[in-house]
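Below is one structure, written out as structure tokens; comments come after it.
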Amino acid sequence: MKRALSVLLLLAFALLAPRVAQADGGARVTAGSKAFPESWILGEALRALAAESGAEATHAKNLGGTEITLAALRSGAIDIYVEYTGTIDEVLLREHPQDGQRRQALAAMGIGMSERLGFDDSYALATLPDIATKSDVHSLSDLARHRELRLGLSHEFIGRKDGLPGLTARYGLSAESVRGVQHELAYEALRTGSIDVLDVYTTDAQIERMGLVLLTDDKAFFPRYDAVLLYRQDLPTRAPAAFASMSRLVGAVDTRAMTHANAMMAMDHESVEKAATTLLPGGARAIPLAPSAVAEIAKDTFRHVQLVLASLAASILIGIPIGVLASRSPRVGPLLLTLTGVLQTVPSLALLALLVPLLGIGARPAIVALLLYGLLPIARNTYTGLTTITPELMRSADALGLPAWAKLRRISLPLASPMILAGVKTSAVINVGTATIAALVGADGLGNPILQGISLRDTGLLLRGALPAAALALVFELAFAGLSRVLVPRGLRHRGAT
Amino acid sequence: MENDAKATPADAITLTGVKKVYQARGGAVVALAETDFTLAAGTRLALLGGSGSGKSTLLHLVMGLIAPDTGTVRVLGEEMTPASIRSLRHRIGYVIQEGGLFPHLTARRNVAIMSEHLGWERDREKKRIGELRELVGLTSDTLDRYPGELSGGQRQRVGLMRALLLDPPLLLLDEPLGALDAVVRRRLQKELRGIIVRLGKSVLLVTHDAAEAAALADEIVVMAEGKIVQRGTMSELTHSPKTPFVAELLGNGATPTTEQA
């Protein structure tokens with residue numbers, strides 16, 4: 001589907017786009033972006049510039065966090081993306097080096113770094129004007145004196161050395177209430193009065209529109225977050241024209257331009273393609289992809305179903321043998337089941353961060369994560385189904401003199417089938433919900449509109465993902481009711497599991 | 001092998017110095033004290049006793065479901081070992097309460113599990129099932145139903161068909177008629193006896209019901225607390241019981257000889 005779509009687009013380019021002089025005949029370039037609107041806009045701008053040079057350009061959008069994005073870059077799943085110097089220092093280098101040291105450290109990992117794009121997207125703490133006036137809080141030192149003010153901070157900010165921990169040490173912050181809130185939701189929380197202070201990026205569109213007061217960093221704590229391009233070192237030689245075209249962003253995007261592009265998306269609900277167009281240097285033509293909403297929903301839903309079915313099939317192929325093994329060995333059995341249970345408790349973002357270095361980005365890590373989450377219900381129900389067959393029936397089965405495999409296939413598994421099918425159904429319904437995480441590793445699906453909807457506080461966009469997902473869960477329920485009529489042997493249907 | 005001295009080729013079952021002890025929470029439980037036991041080929045014998053008497057343990061040893069702690073179990077002239085167990089089971093028919101039918105298969109496929117597994121030709125299977133159906137007196141469309149759609153007596157007959165499919169020389173009957181009401185039960189006892197006598201099978205029956213033992217077997221072994229208490233015909237046991245327990249067990253409901261076909 002996705003391939004068909006990109007083939008169609010390529011055809012459209014070939015027919016409609018004016019030819020640029022030096023074309024990279026068929027070079028493939030994948031731009032990446034992290035899971036926030038500014039990153040998407042820059043990723044989309046990179047894609048448009050690469051496409052303009054004649055490369056076959058794609059945009060792996062919405063990757064979940066710096067670790068996943070960097071792993072994707074190192075594994076070659078993406079070729080280029082926009083990162084911030086402060087993030088590079090914090091996540092990669094864990095110190096505060098000069099540009100030269102940064103380049104050196106990155107080069108050791110096979111990554112190149114460009115000059116600055118021109119805007120600085122630093123952290124800052126911000127509050128509403130009337131709170132600032134009432135409490136007389138204008139700087140971070142002032143904030144340290146007002147313990148009663150409630151902080152709503154993004155999870156990344158709370159965790160980073162150059163975030164809350166460093167800030168606390170430098171200013172002696174001791175707020176009574178610090179809550180982790182998703183960044184875009186924090187603005188809503190501030191507006192409705194459930195928090196008083198939040199962390200912002202200095203290019204956030206909401207700062208201007210809500211008239212927020214940025215608290216002065218009077219002890220110069222926050223490092224600079226200058227935007228730069230990070231790219232695989234082979235890119236300039238592999239796709240020179242595309243690289244040259246994308247490099248036109250360097251020195252060409254100032255803070256005002258970036259804030260404006262952000263506001264287009266966050267406030268005016270414009271498409272990421274349209275917002276990206278405003279960043280393109282003069283002469284560059286945007287190639288906006290603006291498929292209709294219905295086509296987008298259909299594409300995301302189809303992709304979602306693909307992910308669920310592929311991972312479900314794998315869960316069944318692995319889960320049933322685990323259940324069978326567990327039922328046959330009183331020693332290994334409980335251990336195996338506990339292991340599948342532990343897998344379910346691993347947070348999805350952590351699991352994905354582990355999988356991306358091994359499997360790259362896209363459908364593969366998503367399917368593996370989903371298959372691991374889906375194992376427990378299937379393995380446990382298989383085990384339960386097999387171990388609760390009545391002793392009389394097991395004795396009758398043993399007395400026949402069948403080999404173990406034939407006994408399993410002809411007698412035990414069919415007797416356990418209603419239970420196993422119930423496990424598969426549970427797994428499927430859980431997976432329909434969990435598959436939204438696939439969007440974090442660029443595997444698309446209904447997670448895309450949901451995550452973007454949350455980031456943009458766009459309920460319409462969010463529902464575009466959430467409603468089809470809910471409908472899918474229902475469809476799977478019904479499908480399994482029908483399937484059990486076909487798969488469960490007739491003799492077992494009225495009596496339930498034996 | 002050296003302690004097979006007492007086994008003769010004419011024995012269907014020979015237990016020599018067999019003992020089985022279970023480790024339970026309260027300590028060791030002797031399920032079967034050291035026991036010697038034989039069943040002559042072509043004879044019908046009942047193990048009679050209450051729960052915990054050791055009769056089921058003995059049966060499970062003969063089926064190879066459990067292994068003895070000491071001693072040897074020989075069935076149809078062959079020692080029961082992990083290597084011989086499957087081929088031996090093909091030569092033993094096992095009948096349990098309600099026939100032990102698998103609810104997911106039709107009656108016909110319950111009967112035919114082993115012929116399917118062994119890859120019999122269709123004609124051979126059809127002919128054999130036809131013979132057995134007439135033997136137990138079932139109609140053809142009964143066989144197309146699932147166990148849940150059959151009466152208790154019908155299930156029992158299907159179970160017997162399954163046990164007889166491979167024409168085994170030895171039948172093990174494990175409380176076979178326990179789930180049936182009194183009237184059906186008495187009729188089936190009579191029929192079952194007629195069939196096994198006609199086919200000349202060796203039969204080991206396990207039951208707690210003296211009347212059933214008398215109706216189906218010629219010889220009775222009374223068991224209690226993991227030991228054989230007394231062995232003899234019904235009239236021997238009733239006329240000269242060795243212990244008050246034997247007398248009591250046979251006193252209630254034993255109606256010897258009157259119902260033999």
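Ligands are numbered from 1 in the order shown, chains are lettered A, B, ... in the order of the structure tokens, and residues start at 1 in each chain.
Excluding stretch 151-155 of chain B itself and same-chain residues fewer than 5 positions from it, the residues having an atom within 7 Å of it are Glu98, Gly99, Leu180 and Val184 of chain B, counting only C-alpha atoms.
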Keeping only C-alpha atoms, write the selected residues to a file as a PDB file, in the first residue's frame.
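Full text of selection_30.pdb as output:
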```
ATOM      1  CA  GLU B  98     -19.250 -42.882  30.059  1.00  0.00           C
ATOM      2  CA  GLY B  99     -16.837 -44.488  27.607  1.00  0.00           C
ATOM      3  CA  LEU B 180     -25.634 -45.146  34.530  1.00  0.00           C
ATOM      4  CA  VAL B 184     -29.838 -49.367  32.082  1.00  0.00           C
TER       5      VAL B 184
END
```
**Item:** Per-residue DSSP, stretch 234-329 of chain A, filtered to alpha helix (DSSP H), as a ChimeraX atom specification
**Value:** /A:235-238,240-246,255-266,272-277,293-328
If you take only C-alpha atoms and a cut-off of 9 Å, which residues of chain B touch chain A, and what are their nearest atom pairs and distances in Å to one decimal, in chain and number order, as a Markdown table?
```
| residue | atom | partner | partner_atom | distance |
| --- | --- | --- | --- | --- |
| B:Met63 | CA | A:Ala399 | CA | 6.8 |
| B:Gly64 | CA | A:Ala399 | CA | 8.6 |
| B:Leu65 | CA | A:Asp398 | CA | 7.5 |
| B:Ile85 | CA | A:Gly401 | CA | 7.5 |
| B:Arg86 | CA | A:Gly401 | CA | 4.6 |
| B:Ser87 | CA | A:Gly401 | CA | 6.9 |
| B:Leu88 | CA | A:Gly401 | CA | 7.8 |
| B:Arg89 | CA | A:Gly401 | CA | 5.0 |
| B:His90 | CA | A:Gly401 | CA | 5.8 |
| B:Ile92 | CA | A:Ala399 | CA | 7.9 |
| B:Gly93 | CA | A:Ala399 | CA | 7.8 |
| B:Tyr94 | CA | A:Ala399 | CA | 6.4 |
| B:Val95 | CA | A:Ser396 | CA | 7.9 |
| B:Ile96 | CA | A:Ser396 | CA | 7.5 |
| B:Gln97 | CA | A:Glu392 | CA | 8.3 |
| B:Gly99 | CA | A:Ser396 | CA | 8.5 |
| B:Gly100 | CA | A:Leu393 | CA | 5.6 |
| B:Leu101 | CA | A:Leu393 | CA | 7.2 |
| B:Phe102 | CA | A:Leu393 | CA | 6.9 |
| B:Pro103 | CA | A:Gly491 | CA | 5.3 |
| B:His104 | CA | A:Gly491 | CA | 4.6 |
| B:Leu105 | CA | A:Gly491 | CA | 6.6 |
| B:Thr106 | CA | A:Gly491 | CA | 7.5 |
| B:Ile113 | CA | A:Arg410 | CA | 8.1 |
| B:Met114 | CA | A:Leu400 | CA | 7.2 |
| B:His117 | CA | A:Ala406 | CA | 7.7 |
| B:Arg145 | CA | A:Gly491 | CA | 8.7 |
| B:Tyr146 | CA | A:Gly491 | CA | 5.5 |
| B:Pro147 | CA | A:Gly491 | CA | 7.2 |
| B:Gly148 | CA | A:Gly491 | CA | 6.6 |
| B:Glu149 | CA | A:Gly491 | CA | 8.5 |
| B:Ala163 | CA | A:Leu400 | CA | 8.4 |
```
**Request:** Pick out the residues sitting within 12 Å of A:Ala35, and hand them over as a ChimeraX atom specification; count only C-alpha atoms, and ignore anything fewer than 6 positions along from it in its own chain.
**Result:** /A:41-43,60-69,182-184,437,439-442,447-456
For the selection you just gave me, I'd like the residues written to a file as an mmCIF file, in the first residue's frame, keeping C-alpha atoms.
```cif
data_model
loop_
_atom_site.group_PDB
_atom_site.id
_atom_site.type_symbol
_atom_site.label_atom_id
_atom_site.label_comp_id
_atom_site.auth_asym_id
_atom_site.auth_seq_id
_atom_site.Cartn_x
_atom_site.Cartn_y
_atom_site.Cartn_z
ATOM 1 C CA ILE A 41 8.169 20.377 9.894
ATOM 2 C CA LEU A 42 11.952 20.255 9.565
ATOM 3 C CA GLY A 43 11.837 16.587 8.485
ATOM 4 C CA ALA A 60 10.047 8.713 8.566
ATOM 5 C CA LYS A 61 7.925 10.861 10.793
ATOM 6 C CA ASN A 62 7.291 10.896 14.509
ATOM 7 C CA LEU A 63 10.078 8.613 15.819
ATOM 8 C CA GLY A 64 9.727 8.160 19.567
ATOM 9 C CA GLY A 65 12.528 10.068 21.285
ATOM 10 C CA THR A 66 16.192 10.854 20.773
ATOM 11 C CA GLU A 67 17.499 7.320 21.437
ATOM 12 C CA ILE A 68 15.224 5.739 18.850
ATOM 13 C CA THR A 69 15.958 8.443 16.273
ATOM 14 C CA GLN A 182 2.865 15.553 28.113
ATOM 15 C CA HIS A 183 4.277 18.764 26.657
ATOM 16 C CA GLU A 184 1.342 19.899 24.510
ATOM 17 C CA ILE A 437 2.908 2.668 19.539
ATOM 18 C CA ALA A 439 3.919 5.229 15.059
ATOM 19 C CA LEU A 440 6.809 5.889 17.462
ATOM 20 C CA VAL A 441 9.187 3.886 15.274
ATOM 21 C CA GLY A 442 7.915 5.135 11.939
ATOM 22 C CA GLY A 447 -1.008 5.844 16.140
ATOM 23 C CA ASN A 448 0.078 8.557 13.707
ATOM 24 C CA PRO A 449 -3.064 10.699 13.831
ATOM 25 C CA ILE A 450 -3.458 9.971 17.563
ATOM 26 C CA LEU A 451 0.071 11.081 18.509
ATOM 27 C CA GLN A 452 -0.098 14.044 16.167
ATOM 28 C CA GLY A 453 -3.537 14.953 17.471
ATOM 29 C CA ILE A 454 -2.194 14.972 21.022
ATOM 30 C CA SER A 455 0.868 16.999 20.022
ATOM 31 C CA LEU A 456 -1.219 19.557 18.180
#
```
**Request:** May I have the residues within 7 Å of stretch 233-244 of chain B as a ChimeraX atom specification, using only C-alpha atoms and disregarding those fewer than 3 positions away in the same chain?
**Result:** /B:214,218-220,230,247-248,250,256
**Request:** In Å, rounded to a single decimal, give me how far atom CA of A:Leu312 is from atom CA of A:Phe476.
**Result:** 11.7 Å
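Candidate residues A:Arg331, A:Lys274, A:Arg209, A:His269 were compared for distance to A:Glu44, and the nearest is A:Lys274, using only C-alpha atoms.
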**Request:** Name the residues of stretch 18-141 of chain B that fall into strand (DSSP E) according to DSSP on the backbone, using the chain letters and numbers of this document, as a ChimeraX atom specification.
**Result:** /B:18-24,27-40,44-48,70-75,78-79,92-96
**Request:** Tell me, as a PyMOL selection string, which residues lie within 8 Å of B:Thr72, counting only C-alpha atoms; anything in the same chain fewer than 3 positions away does not count.
**Result:** chain B and resi 15-18+68+79-80
Considering only C-alpha atoms, return as a PDB file with C-alpha atoms, in the first residue's frame whatever protein or nucleic-acid residues lie within 9 Å of stretch 338-353 of chain A, sequence-local ones (same chain, fewer than 4 positions apart) excluded.
```pdb
ATOM      1  CA  GLY A  64       9.727   8.160  19.567  1.00  0.00           C
ATOM      2  CA  GLY A  65      12.528  10.068  21.285  1.00  0.00           C
ATOM      3  CA  GLU A  67      17.499   7.320  21.437  1.00  0.00           C
ATOM      4  CA  ILE A  68      15.224   5.739  18.850  1.00  0.00           C
ATOM      5  CA  ALA A  71      19.613   4.413  16.573  1.00  0.00           C
ATOM      6  CA  GLY A 319       2.688 -18.560  22.146  1.00  0.00           C
ATOM      7  CA  GLY A 333       6.541 -24.334  32.616  1.00  0.00           C
ATOM      8  CA  PRO A 334       5.950 -21.712  35.308  1.00  0.00           C
ATOM      9  CA  PRO A 357      19.283  -0.709  17.288  1.00  0.00           C
ATOM     10  CA  PRO A 365      10.482  -3.415  15.570  1.00  0.00           C
ATOM     11  CA  ALA A 366       6.769  -2.576  15.897  1.00  0.00           C
ATOM     12  CA  ALA A 369       7.141  -5.428  20.209  1.00  0.00           C
ATOM     13  CA  LEU A 372       5.977  -9.911  22.642  1.00  0.00           C
ATOM     14  CA  TYR A 373       3.029  -8.102  24.247  1.00  0.00           C
ATOM     15  CA  GLY A 374       0.614 -10.594  22.704  1.00  0.00           C
ATOM     16  CA  LEU A 375       2.391 -13.746  23.933  1.00  0.00           C
ATOM     17  CA  LEU A 376       1.065 -13.933  27.475  1.00  0.00           C
ATOM     18  CA  PRO A 377      -2.693 -14.392  26.868  1.00  0.00           C
ATOM     19  CA  ALA A 379       0.635 -18.976  26.102  1.00  0.00           C
ATOM     20  CA  ARG A 380      -1.275 -18.838  29.393  1.00  0.00           C
ATOM     21  CA  THR A 434      -1.146  -1.272  21.586  1.00  0.00           C
ATOM     22  CA  ILE A 437       2.908   2.668  19.539  1.00  0.00           C
ATOM     23  CA  ALA A 438       4.042   1.574  16.086  1.00  0.00           C
ATOM     24  CA  LEU A 440       6.809   5.889  17.462  1.00  0.00           C
ATOM     25  CA  VAL A 441       9.187   3.886  15.274  1.00  0.00           C
TER      26      VAL A 441
END
```
**Message:** Just want the 10 Å neighbourhood of A:Ala220, counted on only C-alpha atoms, with same-chain residues fewer than 3 positions away dropped. Output as a ChimeraX atom specification.
**Reply:** /A:140,170,216-217,223
